[in-house]
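File shown: target_19.cif (mmCIF, C-alpha atoms).
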data_target
#
loop_
_atom_site.group_PDB
_atom_site.id
_atom_site.type_symbol
_atom_site.label_atom_id
_atom_site.label_comp_id
_atom_site.auth_asym_id
_atom_site.auth_seq_id
_atom_site.Cartn_x
_atom_site.Cartn_y
_atom_site.Cartn_z
ATOM 1 C CA PRO A 1 138.638 86.389 99.041
ATOM 2 C CA ASP A 2 138.758 84.845 102.483
ATOM 3 C CA PRO A 3 138.825 81.019 102.337
ATOM 4 C CA GLY A 4 136.768 80.868 105.544
ATOM 5 C CA VAL A 5 133.776 82.388 103.766
ATOM 6 C CA ALA A 6 133.604 79.356 101.459
ATOM 7 C CA LEU A 7 133.075 77.129 104.520
ATOM 8 C CA LEU A 8 129.889 78.908 105.561
ATOM 9 C CA ALA A 9 126.798 76.710 105.246
ATOM 10 C CA LYS A 10 124.323 79.550 104.524
ATOM 11 C CA GLU A 11 124.435 83.129 103.313
ATOM 12 C CA ASP A 12 122.949 84.416 106.578
ATOM 13 C CA GLN A 13 126.130 83.361 108.400
ATOM 14 C CA ILE A 14 128.245 86.010 106.651
ATOM 15 C CA TYR A 15 127.487 88.831 109.137
ATOM 16 C CA PRO A 16 128.401 86.852 112.285
ATOM 17 C CA TYR A 17 131.492 85.518 110.495
ATOM 18 C CA PHE A 18 132.537 89.076 109.590
ATOM 19 C CA VAL A 19 131.997 90.353 113.137
ATOM 20 C CA VAL A 20 134.010 87.550 114.727
ATOM 21 C CA SER A 21 136.855 87.314 112.223
ATOM 22 C CA VAL A 22 137.453 90.895 111.045
ATOM 23 C CA MET A 23 136.627 93.228 113.950
ATOM 24 C CA PRO A 24 139.200 94.007 116.640
ATOM 25 C CA VAL A 25 139.152 92.192 119.979
ATOM 26 C CA GLY A 26 136.327 93.280 122.296
ATOM 27 C CA LEU A 27 134.197 94.820 119.571
ATOM 28 C CA PRO A 28 132.494 91.603 118.355
ATOM 29 C CA GLY A 29 130.828 91.076 121.732
ATOM 30 C CA LEU A 30 129.461 94.609 121.777
ATOM 31 C CA VAL A 31 128.223 94.365 118.180
ATOM 32 C CA MET A 32 126.489 91.027 118.779
ATOM 33 C CA ALA A 33 124.946 92.328 122.028
ATOM 34 C CA ALA A 34 123.597 95.380 120.161
ATOM 35 C CA PHE A 35 122.297 93.141 117.371
ATOM 36 C CA LEU A 36 120.475 90.874 119.850
ATOM 37 C CA ALA A 37 119.121 93.853 121.828
ATOM 38 C CA ALA A 38 117.693 95.399 118.654
ATOM 39 C CA SER A 39 116.127 92.079 117.679
ATOM 40 C CA MET A 40 114.581 91.564 121.107
ATOM 41 C CA SER A 41 113.258 95.130 121.108
ATOM 42 C CA SER A 42 111.547 94.652 117.739
ATOM 43 C CA ILE A 43 110.075 91.299 118.712
ATOM 44 C CA SER A 44 108.756 92.504 122.084
ATOM 45 C CA SER A 45 107.171 95.605 120.577
ATOM 46 C CA SER A 46 105.463 93.458 117.938
ATOM 47 C CA MET A 47 104.071 91.056 120.540
ATOM 48 C CA ASN A 48 102.876 93.941 122.732
ATOM 49 C CA SER A 49 101.223 95.744 119.832
ATOM 50 C CA VAL A 50 99.376 92.608 118.697
ATOM 51 C CA ALA A 51 98.203 91.951 122.266
ATOM 52 C CA THR A 52 97.059 95.576 122.557
ATOM 53 C CA ILE A 53 95.126 95.291 119.296
ATOM 54 C CA CYS A 54 93.426 92.126 120.553
ATOM 55 C CA VAL A 55 92.438 93.775 123.848
ATOM 56 C CA GLU A 56 91.491 97.253 122.620
ATOM 57 C CA ASP A 57 89.939 96.485 119.244
ATOM 58 C CA PHE A 58 88.258 93.186 120.020
ATOM 59 C CA MET A 59 87.880 92.401 123.709
ATOM 60 C CA LYS A 60 86.859 95.906 124.824
ATOM 61 C CA ARG A 61 84.746 96.628 121.770
ATOM 62 C CA PHE A 62 82.743 93.395 121.842
ATOM 63 C CA ALA A 63 82.504 92.921 125.614
ATOM 64 C CA ARG A 64 78.970 92.857 126.977
ATOM 65 C CA THR A 65 80.030 94.615 130.174
ATOM 66 C CA PRO A 66 83.066 96.884 130.609
ATOM 67 C CA LYS A 67 85.946 95.281 132.486
ATOM 68 C CA PRO A 68 88.309 97.113 134.851
ATOM 69 C CA ASP A 69 91.657 98.184 133.462
ATOM 70 C CA ALA A 70 93.473 95.719 135.752
ATOM 71 C CA VAL A 71 91.585 92.812 134.145
ATOM 72 C CA MET A 72 92.340 94.089 130.642
ATOM 73 C CA LEU A 73 96.014 94.535 131.546
ATOM 74 C CA HIS A 74 96.129 90.941 132.801
ATOM 75 C CA ARG A 75 94.551 89.770 129.535
ATOM 76 C CA ALA A 76 97.044 91.800 127.504
ATOM 77 C CA LYS A 77 99.962 90.243 129.400
ATOM 78 C CA PHE A 78 98.525 86.764 128.864
ATOM 79 C CA LEU A 79 98.084 87.443 125.142
ATOM 80 C CA THR A 80 101.677 88.711 124.950
ATOM 81 C CA TYR A 81 102.852 85.361 126.328
ATOM 82 C CA CYS A 82 100.610 83.528 123.850
ATOM 83 C CA TRP A 83 101.935 85.540 120.902
ATOM 84 C CA GLY A 84 105.467 84.893 122.141
ATOM 85 C CA LEU A 85 104.864 81.143 122.201
ATOM 86 C CA LEU A 86 103.306 81.334 118.749
ATOM 87 C CA SER A 87 106.362 83.250 117.509
ATOM 88 C CA ILE A 88 108.680 80.593 118.928
ATOM 89 C CA ALA A 89 106.646 77.859 117.230
ATOM 90 C CA ALA A 90 106.790 79.757 113.928
ATOM 91 C CA ALA A 91 110.557 80.223 114.289
ATOM 92 C CA LEU A 92 111.015 76.510 114.918
ATOM 93 C CA ALA A 93 108.894 75.738 111.848
ATOM 94 C CA PHE A 94 110.954 78.141 109.734
ATOM 95 C CA ILE A 95 114.182 76.333 110.686
ATOM 96 C CA GLN A 96 113.142 73.472 108.421
ATOM 97 C CA THR A 97 112.565 75.706 105.395
ATOM 98 C CA GLY A 98 115.265 76.548 102.913
ATOM 99 C CA TYR A 99 113.972 80.042 102.200
ATOM 100 C CA ALA A 100 112.119 81.490 105.177
ATOM 101 C CA GLN A 101 111.629 84.859 103.496
ATOM 102 C CA ILE A 102 109.723 83.290 100.594
ATOM 103 C CA LEU A 103 107.576 81.232 102.955
ATOM 104 C CA TRP A 104 106.886 84.320 105.056
ATOM 105 C CA GLY A 105 105.872 86.250 101.948
ATOM 106 C CA GLN A 106 103.472 83.483 100.955
ATOM 107 C CA LEU A 107 101.937 83.349 104.439
ATOM 108 C CA MET A 108 101.507 87.127 104.506
ATOM 109 C CA ALA A 109 99.874 86.990 101.070
ATOM 110 C CA LEU A 110 97.437 84.368 102.376
ATOM 111 C CA PHE A 111 96.520 86.204 105.564
ATOM 112 C CA THR A 112 96.425 89.774 104.228
ATOM 113 C CA ASN A 113 94.879 89.146 100.814
ATOM 114 C CA GLY A 114 92.503 91.996 99.968
ATOM 115 C CA VAL A 115 93.173 94.052 103.100
ATOM 116 C CA LEU A 116 94.982 96.816 101.227
ATOM 117 C CA GLY A 117 92.158 96.841 98.666
ATOM 118 C CA LEU A 118 89.646 97.365 101.472
ATOM 119 C CA LEU A 119 91.740 100.150 103.014
ATOM 120 C CA VAL A 120 92.023 102.004 99.702
ATOM 121 C CA LEU A 121 88.305 101.471 99.165
ATOM 122 C CA ALA A 122 87.585 103.052 102.560
ATOM 123 C CA LEU A 123 89.626 106.104 101.538
ATOM 124 C CA VAL A 124 88.126 106.452 98.060
ATOM 125 C CA ARG A 125 84.550 105.559 98.939
ATOM 126 C CA PRO A 126 83.979 105.882 102.714
ATOM 127 C CA HIS A 127 80.352 104.644 102.645
ATOM 128 C CA THR A 128 80.918 101.377 100.809
ATOM 129 C CA ASN A 129 78.240 98.742 101.184
ATOM 130 C CA LYS A 130 79.453 95.960 103.493
ATOM 131 C CA TRP A 131 78.166 93.239 101.146
ATOM 132 C CA ALA A 132 80.108 94.720 98.236
ATOM 133 C CA ALA A 133 83.263 94.781 100.383
ATOM 134 C CA MET A 134 82.660 91.152 101.372
ATOM 135 C CA ALA A 135 82.134 90.192 97.716
ATOM 136 C CA GLY A 136 85.425 91.884 96.834
ATOM 137 C CA LEU A 137 87.215 89.959 99.552
ATOM 138 C CA VAL A 138 85.691 86.655 98.402
ATOM 139 C CA VAL A 139 86.733 87.329 94.795
ATOM 140 C CA ALA A 140 90.256 88.170 95.984
ATOM 141 C CA TYR A 141 90.529 84.827 97.796
ATOM 142 C CA ILE A 142 89.112 82.910 94.831
ATOM 143 C CA ALA A 143 91.730 84.590 92.632
ATOM 144 C CA LEU A 144 94.413 83.742 95.194
ATOM 145 C CA GLY A 145 93.374 80.096 95.150
ATOM 146 C CA LEU A 146 93.530 80.050 91.354
ATOM 147 C CA MET A 147 96.959 81.703 91.367
ATOM 148 C CA ILE A 148 98.299 79.174 93.863
ATOM 149 C CA TRP A 149 96.805 76.320 91.845
ATOM 150 C CA ASN A 150 98.305 77.648 88.575
ATOM 151 C CA GLY A 151 101.702 78.240 90.153
ATOM 152 C CA THR A 152 101.720 82.017 89.658
ATOM 153 C CA ILE A 153 104.738 83.800 91.139
ATOM 154 C CA PHE A 154 103.814 84.614 94.739
ATOM 155 C CA LEU A 155 104.958 88.228 94.424
ATOM 156 C CA LEU A 156 101.922 88.846 92.205
ATOM 157 C CA TRP A 157 99.444 87.396 94.729
ATOM 158 C CA PRO A 158 98.953 90.541 96.838
ATOM 159 C CA VAL A 159 98.936 92.853 93.814
ATOM 160 C CA ILE A 160 96.217 90.940 91.984
ATOM 161 C CA GLY A 161 94.234 90.077 95.135
ATOM 162 C CA ASN A 162 94.126 93.657 96.431
ATOM 163 C CA LEU A 163 93.332 95.093 93.015
ATOM 164 C CA LEU A 164 90.480 92.644 92.471
ATOM 165 C CA CYS A 165 89.101 93.243 95.964
ATOM 166 C CA PHE A 166 89.073 96.994 95.401
ATOM 167 C CA LEU A 167 87.579 96.858 91.895
ATOM 168 C CA VAL A 168 84.831 94.356 92.700
ATOM 169 C CA ALA A 169 83.766 96.206 95.854
ATOM 170 C CA PHE A 170 83.959 99.590 94.123
ATOM 171 C CA ILE A 171 81.821 98.409 91.206
ATOM 172 C CA LEU A 172 79.286 96.466 93.273
ATOM 173 C CA SER A 173 78.782 98.986 96.069
ATOM 174 C CA PRO A 174 76.396 101.299 94.138
ATOM 175 C CA ARG A 175 74.437 98.261 92.937
ATOM 176 C CA PHE A 176 73.985 96.947 96.488
ATOM 177 C CA ASP A 177 73.050 100.455 97.680
ATOM 178 C CA ALA A 178 70.430 100.748 94.905
ATOM 179 C CA ARG A 179 68.906 97.406 95.858
ATOM 180 C CA ALA A 180 68.746 98.422 99.507
ATOM 181 C CA ALA A 181 67.025 101.697 98.560
ATOM 182 C CA LEU A 182 64.334 99.802 96.604
ATOM 183 C CA ARG A 183 63.319 97.763 99.638
#
I need this file expressed as structure tokens, please.
Amino acid sequence: PDPGVALLAKEDQIYPYFVVSVMPVGLPGLVMAAFLAASMSSISSSMNSVATICVEDFMKRFARTPKPDAVMLHRAKFLTYCWGLLSIAAALAFIQTGYAQILWGQLMALFTNGVLGLLVLALVRPHTNKWAAMAGLVVAYIALGLMIWNGTIFLLWPVIGNLLCFLVAFILSPRFDARAALR
């Protein structure tokens, strides 16, 4: 065992320590440059894809009048900057946490609760009643709140939330359709 490894403050410092202390001269710079380039590539593609989703799926779809492509491109660039600033703020907030991966998992469970259940529902039953889908989503968030309050392991949050969302919407959809047919 290398005594220098014991001096590391966190486990995520092992890779940079290995690159600097074990690799031959000249190679650490290339490896770190490749590592940073891959990181920047992933981050920029994520910001661009989120900005594209905002422009294509929301701004264009819900616009009262169609806008020229130059205007939409300008909006997409602006949103990319906004998402970049939001990413920087999130990174600065994560510095203070001991376990960023656990916090990230909890945030993703909060923001995506029930989404997978709705996607599976759309595949299994394409003509689901919108009120049944909304009821499933509400039940999933109520269950999530109860799980957080009870201290349930966060890895179970998405499993239970998505399953409940799917089941409630699947069961209620024919009932809502029958009520609508009676009117």
The PyMOL selection byres ((chain A and resi 148-156) around 12) resolved against shown file, as a list of chain:residue names: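 Selection result, ordered by chain and number: A:Gln101, A:Ile102, A:Leu103, A:Trp104, A:Gly105, A:Gln106, A:Leu107, A:Met108, A:Ala109, A:Leu110, A:Asn113, A:Tyr141, A:Ile142, A:Ala143, A:Leu144, A:Gly145, A:Leu146, A:Met147, A:Trp157, A:Pro158, A:Val159, A:Ile160, A:Gly161, A:Asn162, A:Leu163.
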Kindly save the residues from that selection, with C-alpha atoms included, as a JSON list (two decimals), in the frame of the given file.
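Below is the file that was written, result27.json:
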[["chain", "number", "residue", "atom", "x", "y", "z"],
["A", 101, "GLN", "CA", 111.63, 84.86, 103.50],
["A", 102, "ILE", "CA", 109.72, 83.29, 100.59],
["A", 103, "LEU", "CA", 107.58, 81.23, 102.96],
["A", 104, "TRP", "CA", 106.89, 84.32, 105.06],
["A", 105, "GLY", "CA", 105.87, 86.25, 101.95],
["A", 106, "GLN", "CA", 103.47, 83.48, 100.96],
["A", 107, "LEU", "CA", 101.94, 83.35, 104.44],
["A", 108, "MET", "CA", 101.51, 87.13, 104.51],
["A", 109, "ALA", "CA", 99.87, 86.99, 101.07],
["A", 110, "LEU", "CA", 97.44, 84.37, 102.38],
["A", 113, "ASN", "CA", 94.88, 89.15, 100.81],
["A", 141, "TYR", "CA", 90.53, 84.83, 97.80],
["A", 142, "ILE", "CA", 89.11, 82.91, 94.83],
["A", 143, "ALA", "CA", 91.73, 84.59, 92.63],
["A", 144, "LEU", "CA", 94.41, 83.74, 95.19],
["A", 145, "GLY", "CA", 93.37, 80.10, 95.15],
["A", 146, "LEU", "CA", 93.53, 80.05, 91.35],
["A", 147, "MET", "CA", 96.96, 81.70, 91.37],
["A", 157, "TRP", "CA", 99.44, 87.40, 94.73],
["A", 158, "PRO", "CA", 98.95, 90.54, 96.84],
["A", 159, "VAL", "CA", 98.94, 92.85, 93.81],
["A", 160, "ILE", "CA", 96.22, 90.94, 91.98],
["A", 161, "GLY", "CA", 94.23, 90.08, 95.14],
["A", 162, "ASN", "CA", 94.13, 93.66, 96.43],
["A", 163, "LEU", "CA", 93.33, 95.09, 93.02]]
Find the spatial neighbours of Arg125 of chain A, counting all atoms listed in the file, within a cut-off of 12 Å - ignore same-chain residues fewer than 5 positions away - and output them as a PDB file with C-alpha atoms, in the coordinates of the input.
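Final file, out.pdb:
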ATOM      1  CA  GLY A 117      92.158  96.841  98.666  1.00  0.00           C
ATOM      2  CA  LEU A 118      89.646  97.365 101.472  1.00  0.00           C
ATOM      3  CA  LEU A 119      91.740 100.150 103.014  1.00  0.00           C
ATOM      4  CA  VAL A 120      92.023 102.004  99.702  1.00  0.00           C
ATOM      5  CA  LYS A 130      79.453  95.960 103.493  1.00  0.00           C
ATOM      6  CA  ALA A 132      80.108  94.720  98.236  1.00  0.00           C
ATOM      7  CA  ALA A 133      83.263  94.781 100.383  1.00  0.00           C
ATOM      8  CA  PHE A 166      89.073  96.994  95.401  1.00  0.00           C
ATOM      9  CA  LEU A 167      87.579  96.858  91.895  1.00  0.00           C
ATOM     10  CA  ALA A 169      83.766  96.206  95.854  1.00  0.00           C
ATOM     11  CA  PHE A 170      83.959  99.590  94.123  1.00  0.00           C
ATOM     12  CA  ILE A 171      81.821  98.409  91.206  1.00  0.00           C
ATOM     13  CA  LEU A 172      79.286  96.466  93.273  1.00  0.00           C
ATOM     14  CA  SER A 173      78.782  98.986  96.069  1.00  0.00           C
ATOM     15  CA  PRO A 174      76.396 101.299  94.138  1.00  0.00           C
TER      16      PRO A 174
END
Point-to-point distance in Å for atom CA of Val19 of chain A and atom CA of Val31 of chain A: 7.5 Å
Test item: the PyMOL selection byres ((chain A and resi 72) around 12) resolved as an NGL selection string: :A and (51-61 or 63 or 66-71 or 73-79)
Restricting it to C-alpha atoms, dump the selection as an mmCIF file, keeping the file's coordinate frame.
data_model
loop_
_atom_site.group_PDB
_atom_site.id
_atom_site.type_symbol
_atom_site.label_atom_id
_atom_site.label_comp_id
_atom_site.auth_asym_id
_atom_site.auth_seq_id
_atom_site.Cartn_x
_atom_site.Cartn_y
_atom_site.Cartn_z
ATOM 1 C CA ALA A 51 98.203 91.951 122.266
ATOM 2 C CA THR A 52 97.059 95.576 122.557
ATOM 3 C CA ILE A 53 95.126 95.291 119.296
ATOM 4 C CA CYS A 54 93.426 92.126 120.553
ATOM 5 C CA VAL A 55 92.438 93.775 123.848
ATOM 6 C CA GLU A 56 91.491 97.253 122.620
ATOM 7 C CA ASP A 57 89.939 96.485 119.244
ATOM 8 C CA PHE A 58 88.258 93.186 120.020
ATOM 9 C CA MET A 59 87.880 92.401 123.709
ATOM 10 C CA LYS A 60 86.859 95.906 124.824
ATOM 11 C CA ARG A 61 84.746 96.628 121.770
ATOM 12 C CA ALA A 63 82.504 92.921 125.614
ATOM 13 C CA PRO A 66 83.066 96.884 130.609
ATOM 14 C CA LYS A 67 85.946 95.281 132.486
ATOM 15 C CA PRO A 68 88.309 97.113 134.851
ATOM 16 C CA ASP A 69 91.657 98.184 133.462
ATOM 17 C CA ALA A 70 93.473 95.719 135.752
ATOM 18 C CA VAL A 71 91.585 92.812 134.145
ATOM 19 C CA LEU A 73 96.014 94.535 131.546
ATOM 20 C CA HIS A 74 96.129 90.941 132.801
ATOM 21 C CA ARG A 75 94.551 89.770 129.535
ATOM 22 C CA ALA A 76 97.044 91.800 127.504
ATOM 23 C CA LYS A 77 99.962 90.243 129.400
ATOM 24 C CA PHE A 78 98.525 86.764 128.864
ATOM 25 C CA LEU A 79 98.084 87.443 125.142
#
Best match for closeness to Ser45 of chain A among A:Phe62, A:Trp83, A:Phe176, A:Tyr17, counting only C-alpha atoms: A:Trp83
Residue neighbourhood Ala135 of chain A, 8 Å, all atoms listed in the file, exclusion window fewer than 4 positions, as a list in words: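 In the requested format, the answer is Trp131, Val139, Cys165, Val168 and Ala169 of chain A.
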Between atom CA of Asn129 of chain A and atom CA of Gly114 of chain A, distance in Å (one decimal):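 Separating atom CA of Asn129 of chain A from atom CA of Gly114 of chain A is a distance of 15.8 Å.
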